[in-house]
file coords-v1.cif (mmCIF, N, CA and C atoms)
data_target
#
loop_
_atom_site.label_atom_id
_atom_site.label_comp_id
_atom_site.auth_asym_id
_atom_site.auth_seq_id
_atom_site.Cartn_x
_atom_site.Cartn_y
_atom_site.Cartn_z
N MET A 262 9.48 -13.36 26.93
CA MET A 262 8.90 -13.48 25.60
C MET A 262 9.75 -14.48 24.81
N THR A 263 9.10 -15.30 24.03
CA THR A 263 9.80 -16.29 23.21
C THR A 263 10.47 -15.62 22.01
N LYS A 264 11.41 -16.34 21.39
CA LYS A 264 12.07 -15.79 20.20
C LYS A 264 11.05 -15.47 19.10
N GLY A 265 10.07 -16.38 18.93
CA GLY A 265 9.03 -16.14 17.93
C GLY A 265 8.21 -14.90 18.26
N GLY A 266 7.90 -14.72 19.54
CA GLY A 266 7.14 -13.55 19.96
C GLY A 266 7.92 -12.27 19.79
N GLU A 267 9.24 -12.34 20.04
CA GLU A 267 10.09 -11.16 19.85
C GLU A 267 10.18 -10.80 18.37
N ARG A 268 10.31 -11.83 17.52
CA ARG A 268 10.39 -11.59 16.08
C ARG A 268 9.08 -10.96 15.58
N GLU A 269 7.95 -11.51 16.04
CA GLU A 269 6.66 -10.96 15.61
C GLU A 269 6.51 -9.51 16.08
N ALA A 270 6.90 -9.22 17.31
CA ALA A 270 6.80 -7.85 17.84
C ALA A 270 7.69 -6.90 17.03
N ARG A 271 8.89 -7.37 16.66
CA ARG A 271 9.80 -6.54 15.86
C ARG A 271 9.17 -6.21 14.51
N TRP A 272 8.61 -7.23 13.84
CA TRP A 272 8.02 -6.99 12.54
C TRP A 272 6.74 -6.16 12.64
N ARG A 273 6.00 -6.33 13.73
CA ARG A 273 4.79 -5.49 13.92
C ARG A 273 5.19 -4.02 14.02
N ARG A 274 6.29 -3.75 14.73
CA ARG A 274 6.77 -2.36 14.82
C ARG A 274 7.17 -1.83 13.44
N HIS A 275 7.85 -2.67 12.66
CA HIS A 275 8.24 -2.24 11.31
C HIS A 275 7.03 -2.01 10.41
N VAL A 276 6.06 -2.90 10.45
CA VAL A 276 4.86 -2.74 9.63
C VAL A 276 4.12 -1.46 10.03
N ASP A 277 3.97 -1.22 11.32
CA ASP A 277 3.29 -0.01 11.80
C ASP A 277 4.05 1.25 11.39
N ALA A 278 5.39 1.20 11.50
CA ALA A 278 6.21 2.35 11.12
C ALA A 278 6.13 2.60 9.62
N TRP A 279 6.15 1.52 8.82
CA TRP A 279 6.03 1.70 7.37
C TRP A 279 4.69 2.32 7.02
N ARG A 280 3.60 1.81 7.62
CA ARG A 280 2.27 2.38 7.34
C ARG A 280 2.23 3.86 7.69
N ALA A 281 2.80 4.20 8.85
CA ALA A 281 2.77 5.60 9.32
C ALA A 281 3.63 6.50 8.42
N SER A 282 4.65 5.93 7.78
CA SER A 282 5.54 6.73 6.95
C SER A 282 4.86 7.25 5.68
N GLY A 283 3.87 6.50 5.19
CA GLY A 283 3.19 6.90 3.96
C GLY A 283 4.00 6.59 2.71
N GLY A 284 5.18 6.02 2.87
CA GLY A 284 6.03 5.68 1.73
C GLY A 284 5.79 4.27 1.24
N THR A 285 6.55 3.88 0.25
CA THR A 285 6.42 2.53 -0.30
C THR A 285 7.16 1.53 0.58
N GLN A 286 6.79 0.27 0.45
CA GLN A 286 7.49 -0.77 1.18
C GLN A 286 8.96 -0.81 0.78
N THR A 287 9.22 -0.68 -0.52
CA THR A 287 10.59 -0.73 -1.01
C THR A 287 11.45 0.36 -0.40
N ALA A 288 10.94 1.58 -0.36
CA ALA A 288 11.70 2.70 0.21
C ALA A 288 11.95 2.49 1.70
N TYR A 289 10.92 2.04 2.42
CA TYR A 289 11.07 1.81 3.86
C TYR A 289 12.13 0.74 4.11
N CYS A 290 12.06 -0.35 3.35
CA CYS A 290 13.01 -1.45 3.55
C CYS A 290 14.44 -1.03 3.23
N LYS A 291 14.61 -0.26 2.18
CA LYS A 291 15.95 0.23 1.82
C LYS A 291 16.52 1.10 2.93
N GLU A 292 15.68 1.97 3.48
CA GLU A 292 16.10 2.87 4.54
C GLU A 292 16.48 2.12 5.82
N HIS A 293 15.80 0.99 6.09
CA HIS A 293 16.01 0.25 7.34
C HIS A 293 16.78 -1.06 7.17
N GLY A 294 17.29 -1.29 5.96
CA GLY A 294 18.08 -2.49 5.73
C GLY A 294 17.29 -3.79 5.84
N LEU A 295 16.04 -3.77 5.36
CA LEU A 295 15.17 -4.95 5.43
C LEU A 295 14.93 -5.50 4.04
N ARG A 296 14.53 -6.74 3.95
CA ARG A 296 14.11 -7.34 2.68
C ARG A 296 12.64 -7.00 2.46
N SER A 297 12.34 -6.48 1.28
CA SER A 297 10.96 -6.03 1.03
C SER A 297 9.97 -7.20 1.05
N HIS A 298 10.39 -8.38 0.60
CA HIS A 298 9.45 -9.50 0.63
C HIS A 298 9.13 -9.92 2.07
N SER A 299 10.07 -9.70 3.00
CA SER A 299 9.79 -10.02 4.41
C SER A 299 8.76 -9.05 4.98
N LEU A 300 8.92 -7.77 4.69
CA LEU A 300 7.94 -6.78 5.18
C LEU A 300 6.57 -7.07 4.58
N SER A 301 6.55 -7.43 3.30
CA SER A 301 5.28 -7.75 2.65
C SER A 301 4.62 -8.96 3.30
N TYR A 302 5.41 -10.00 3.60
CA TYR A 302 4.88 -11.19 4.27
C TYR A 302 4.24 -10.82 5.61
N TRP A 303 4.96 -10.08 6.43
CA TRP A 303 4.44 -9.74 7.76
C TRP A 303 3.24 -8.80 7.65
N HIS A 304 3.27 -7.89 6.69
CA HIS A 304 2.12 -7.00 6.49
C HIS A 304 0.87 -7.82 6.18
N LEU A 305 0.99 -8.77 5.25
CA LEU A 305 -0.15 -9.61 4.91
C LEU A 305 -0.59 -10.47 6.09
N ARG A 306 0.37 -10.97 6.85
CA ARG A 306 0.04 -11.78 8.02
C ARG A 306 -0.75 -10.96 9.05
N PHE A 307 -0.29 -9.75 9.32
CA PHE A 307 -0.98 -8.91 10.32
C PHE A 307 -2.30 -8.38 9.79
N SER A 308 -2.42 -8.12 8.49
CA SER A 308 -3.67 -7.57 7.95
C SER A 308 -4.80 -8.59 7.98
N GLY A 309 -4.47 -9.87 8.15
CA GLY A 309 -5.50 -10.89 8.25
C GLY A 309 -6.08 -11.04 9.65
N GLU A 310 -5.48 -10.36 10.63
CA GLU A 310 -5.96 -10.45 12.01
C GLU A 310 -7.22 -9.63 12.19
N SER A 311 -8.10 -10.08 13.08
CA SER A 311 -9.30 -9.29 13.35
C SER A 311 -8.89 -8.02 14.07
N GLY A 312 -9.55 -6.93 13.71
CA GLY A 312 -9.24 -5.64 14.31
C GLY A 312 -8.04 -4.96 13.67
N SER A 313 -7.54 -5.53 12.59
CA SER A 313 -6.39 -4.95 11.91
C SER A 313 -6.79 -3.64 11.26
N SER A 314 -5.81 -2.75 11.12
CA SER A 314 -6.09 -1.48 10.48
C SER A 314 -5.96 -1.55 8.98
N GLY A 315 -5.61 -2.72 8.44
CA GLY A 315 -5.52 -2.89 6.99
C GLY A 315 -6.91 -2.81 6.37
N THR A 316 -6.97 -2.63 5.06
CA THR A 316 -8.27 -2.49 4.41
C THR A 316 -8.64 -3.72 3.61
N ARG A 317 -7.89 -4.78 3.68
CA ARG A 317 -8.15 -5.99 2.90
C ARG A 317 -9.56 -6.50 3.18
N GLY A 318 -10.31 -6.73 2.11
CA GLY A 318 -11.60 -7.38 2.22
C GLY A 318 -12.71 -6.54 2.81
N GLY A 319 -12.68 -5.24 2.70
CA GLY A 319 -13.84 -4.49 3.17
C GLY A 319 -13.51 -3.13 3.71
N GLY A 320 -12.31 -2.65 3.43
CA GLY A 320 -11.94 -1.34 3.91
C GLY A 320 -12.61 -0.24 3.11
N THR A 321 -12.27 0.97 3.42
CA THR A 321 -12.86 2.12 2.76
C THR A 321 -11.87 2.72 1.79
N LEU A 322 -12.31 2.98 0.59
CA LEU A 322 -11.51 3.66 -0.41
C LEU A 322 -11.81 5.14 -0.28
N THR A 323 -10.79 5.94 -0.19
CA THR A 323 -10.98 7.38 -0.08
C THR A 323 -10.36 8.06 -1.28
N LEU A 324 -11.14 8.80 -2.02
CA LEU A 324 -10.64 9.58 -3.13
C LEU A 324 -10.48 11.01 -2.67
N VAL A 325 -9.39 11.62 -3.05
CA VAL A 325 -9.11 13.00 -2.66
C VAL A 325 -9.01 13.86 -3.90
N PRO A 326 -9.36 15.14 -3.79
CA PRO A 326 -9.28 16.01 -4.95
C PRO A 326 -7.82 16.23 -5.35
N ALA A 327 -7.61 16.41 -6.63
CA ALA A 327 -6.27 16.69 -7.15
C ALA A 327 -6.36 17.84 -8.13
N ALA A 328 -5.32 18.63 -8.20
CA ALA A 328 -5.29 19.75 -9.12
C ALA A 328 -4.35 19.42 -10.28
N LEU A 329 -4.76 19.79 -11.49
CA LEU A 329 -3.90 19.62 -12.64
C LEU A 329 -3.02 20.84 -12.79
N ILE A 330 -1.75 20.60 -13.00
CA ILE A 330 -0.80 21.69 -13.16
C ILE A 330 -0.28 21.64 -14.59
N ALA A 331 -0.46 22.73 -15.30
CA ALA A 331 0.00 22.78 -16.68
C ALA A 331 1.52 22.77 -16.72
N GLY A 332 2.06 22.07 -17.67
CA GLY A 332 3.50 22.01 -17.80
C GLY A 332 3.86 21.16 -19.00
N PRO A 333 5.13 20.91 -19.18
CA PRO A 333 5.54 20.09 -20.31
C PRO A 333 5.00 18.67 -20.17
N ALA A 334 4.81 18.01 -21.30
CA ALA A 334 4.31 16.63 -21.28
C ALA A 334 5.27 15.76 -20.49
N ALA A 335 4.72 15.00 -19.57
CA ALA A 335 5.54 14.16 -18.71
C ALA A 335 5.63 12.75 -19.28
N SER A 336 6.73 12.08 -18.97
CA SER A 336 6.88 10.69 -19.41
C SER A 336 6.38 9.73 -18.34
N THR A 337 5.83 10.28 -17.25
CA THR A 337 5.30 9.45 -16.17
C THR A 337 3.83 9.14 -16.44
N PRO A 338 3.28 8.13 -15.77
CA PRO A 338 1.88 7.76 -16.01
C PRO A 338 0.92 8.91 -15.71
N SER A 339 -0.22 8.89 -16.41
CA SER A 339 -1.21 9.94 -16.17
C SER A 339 -2.10 9.62 -14.98
N LEU A 340 -2.06 8.37 -14.50
CA LEU A 340 -2.84 7.97 -13.33
C LEU A 340 -2.03 6.96 -12.54
N SER A 341 -1.94 7.18 -11.25
CA SER A 341 -1.24 6.25 -10.37
C SER A 341 -2.11 5.99 -9.15
N LEU A 342 -2.44 4.71 -8.89
CA LEU A 342 -3.26 4.33 -7.75
C LEU A 342 -2.38 3.62 -6.73
N HIS A 343 -2.45 4.03 -5.47
CA HIS A 343 -1.68 3.43 -4.39
C HIS A 343 -2.64 2.92 -3.32
N SER A 344 -2.34 1.76 -2.75
CA SER A 344 -3.21 1.22 -1.71
C SER A 344 -2.47 1.16 -0.38
N PRO A 345 -3.23 1.12 0.73
CA PRO A 345 -2.60 0.93 2.05
C PRO A 345 -1.88 -0.41 2.16
N GLU A 346 -2.26 -1.39 1.33
CA GLU A 346 -1.60 -2.68 1.37
C GLU A 346 -0.24 -2.64 0.69
N GLY A 347 0.07 -1.58 -0.01
CA GLY A 347 1.37 -1.44 -0.63
C GLY A 347 1.41 -1.63 -2.13
N TRP A 348 0.29 -1.98 -2.78
CA TRP A 348 0.33 -2.15 -4.22
C TRP A 348 0.15 -0.81 -4.91
N ARG A 349 0.58 -0.77 -6.16
CA ARG A 349 0.52 0.46 -6.94
C ARG A 349 0.21 0.09 -8.39
N LEU A 350 -0.70 0.84 -9.01
CA LEU A 350 -1.02 0.67 -10.42
C LEU A 350 -0.76 1.99 -11.13
N ASP A 351 0.03 1.95 -12.20
CA ASP A 351 0.34 3.14 -12.99
C ASP A 351 -0.25 2.97 -14.39
N PHE A 352 -0.86 4.03 -14.90
CA PHE A 352 -1.48 3.99 -16.22
C PHE A 352 -0.95 5.13 -17.07
N ALA A 353 -0.60 4.82 -18.31
CA ALA A 353 -0.16 5.85 -19.25
C ALA A 353 -1.36 6.60 -19.82
N ALA A 354 -2.52 5.95 -19.83
CA ALA A 354 -3.76 6.58 -20.30
C ALA A 354 -4.86 6.29 -19.28
N LEU A 355 -5.82 7.16 -19.22
CA LEU A 355 -6.90 6.98 -18.26
C LEU A 355 -7.77 5.78 -18.62
N PRO A 356 -8.12 4.95 -17.62
CA PRO A 356 -9.01 3.82 -17.89
C PRO A 356 -10.45 4.31 -18.07
N PRO A 357 -11.35 3.45 -18.59
CA PRO A 357 -12.76 3.84 -18.72
C PRO A 357 -13.35 4.27 -17.37
N ALA A 358 -14.36 5.12 -17.43
CA ALA A 358 -14.94 5.73 -16.22
C ALA A 358 -15.39 4.71 -15.17
N GLY A 359 -16.00 3.60 -15.56
CA GLY A 359 -16.50 2.63 -14.59
C GLY A 359 -15.46 1.63 -14.11
N TRP A 360 -14.26 1.74 -14.63
CA TRP A 360 -13.23 0.74 -14.33
C TRP A 360 -12.86 0.71 -12.84
N LEU A 361 -12.64 1.85 -12.24
CA LEU A 361 -12.24 1.90 -10.84
C LEU A 361 -13.30 1.27 -9.94
N ASN A 362 -14.56 1.54 -10.22
CA ASN A 362 -15.64 0.96 -9.44
C ASN A 362 -15.64 -0.56 -9.58
N THR A 363 -15.42 -1.06 -10.78
CA THR A 363 -15.36 -2.51 -11.01
C THR A 363 -14.17 -3.12 -10.28
N LEU A 364 -13.02 -2.47 -10.36
CA LEU A 364 -11.82 -2.94 -9.66
C LEU A 364 -12.08 -3.05 -8.17
N TRP A 365 -12.67 -2.03 -7.59
CA TRP A 365 -12.92 -2.02 -6.14
C TRP A 365 -13.92 -3.13 -5.75
N ALA A 366 -14.94 -3.33 -6.57
CA ALA A 366 -15.97 -4.34 -6.26
C ALA A 366 -15.41 -5.75 -6.36
N GLU A 367 -14.41 -5.98 -7.21
CA GLU A 367 -13.89 -7.34 -7.43
C GLU A 367 -12.54 -7.58 -6.74
N ARG A 368 -12.09 -6.70 -5.88
CA ARG A 368 -10.76 -6.79 -5.29
C ARG A 368 -10.60 -7.98 -4.34
N SER A 369 -11.63 -8.49 -3.76
CA SER A 369 -11.48 -9.57 -2.79
C SER A 369 -11.80 -10.88 -3.36
#

call {"tool": "encode", "arguments": {"input": "coords-v1.cif", "output": "structure tokens"}}
result
Amino acid sequence: MTKGGEREARWRRHVDAWRASGGTQTAYCKEHGLRSHSLSYWHLRFSGESGSSGTRGGGTLTLVPAALIAGPAASTPSLSLHSPEGWRLDFAALPPAGWLNTLWAERS
């Protein structure tokens, strides 16, 4: 295997392991001593391949039920959206009802 092929195989293993971890890119990179921008680069490179498990450009959005737990007012956002691609959106207030649908329709 060539050096380039070995490097690609190494990063493919890291991207697959990060996806399987369910954590953020930053946390995975910190744990494994990697640069987060490098993992992001390779993730984007692999997600553009045909047959990729990434959701870029036509994947499925899955919403799951959540329970509200009464407690003291939190200083954290009231809504946090995370994607398989690694991006995250935090909101201090809930967006309008049709906003998520518009975001999903215009994401590509």

call {"tool": "residues_around", "arguments": {"input": "coords-v1.cif", "residues": "region 361-364 of chain A", "least_positions_apart": "6", "cutoff": "12 Å", "atoms": "only C-alpha atoms", "output": "list in words"}}
result
Leu322, Leu324, Leu340, Ser341, Leu342, Leu350 and Leu355 of chain A

call {"tool": "residues_around", "arguments": {"input": "coords-v1.cif", "residues": "Ser297 (chain A)", "least_positions_apart": "4", "cutoff": "6.5 Å", "atoms": "all atoms listed in the file", "output": "PyMOL selection string"}}
result
chain A and resi 286-287+290+301-302

call {"tool": "axis_aligned_box", "arguments": {"input": "coords-v1.cif", "around": "region 262-266 of chain A", "padding_each_side": "8 Å", "output": "JSON"}}
result
{"center_x": 9.6, "center_y": -14.3, "center_z": 22.4, "size_x": 20.9, "size_y": 20.1, "size_z": 25.0}

call {"tool": "atom_distance", "arguments": {"input": "coords-v1.cif", "atom1": "atom C of Ala353 (chain A)", "atom2": "atom C of Ser339 (chain A)"}}
result
5.8 Å

call {"tool": "atom_distance", "arguments": {"input": "coords-v1.cif", "atom1": "atom N of Ser282 (chain A)", "atom2": "atom C of Ala327 (chain A)"}}
result
22.7 Å

call {"tool": "atom_distance", "arguments": {"input": "coords-v1.cif", "atom1": "CA of Lys291 (chain A)", "atom2": "CA of Gly347 (chain A)"}}
result
14.9 Å

call {"tool": "closest_residue", "arguments": {"input": "coords-v1.cif", "among": "A:Trp272, A:Trp279, A:Tyr289, A:Trp348", "to": "Trp303 (chain A)", "atoms": "only N, CA and C atoms"}}
result
A:Trp272

call {"tool": "residues_around", "arguments": {"input": "coords-v1.cif", "residues": "His275 (chain A)", "least_positions_apart": "5", "cutoff": "8 Å", "atoms": "all atoms listed in the file", "output": "ChimeraX atom specification"}}
result
/A:269-270,280-281,300,304

call {"tool": "closest_residue", "arguments": {"input": "coords-v1.cif", "among": "A:Gly359, A:His343, A:Ala366, A:Gly309", "to": "Gly283 (chain A)", "atoms": "only C-alpha atoms"}}
result
A:His343
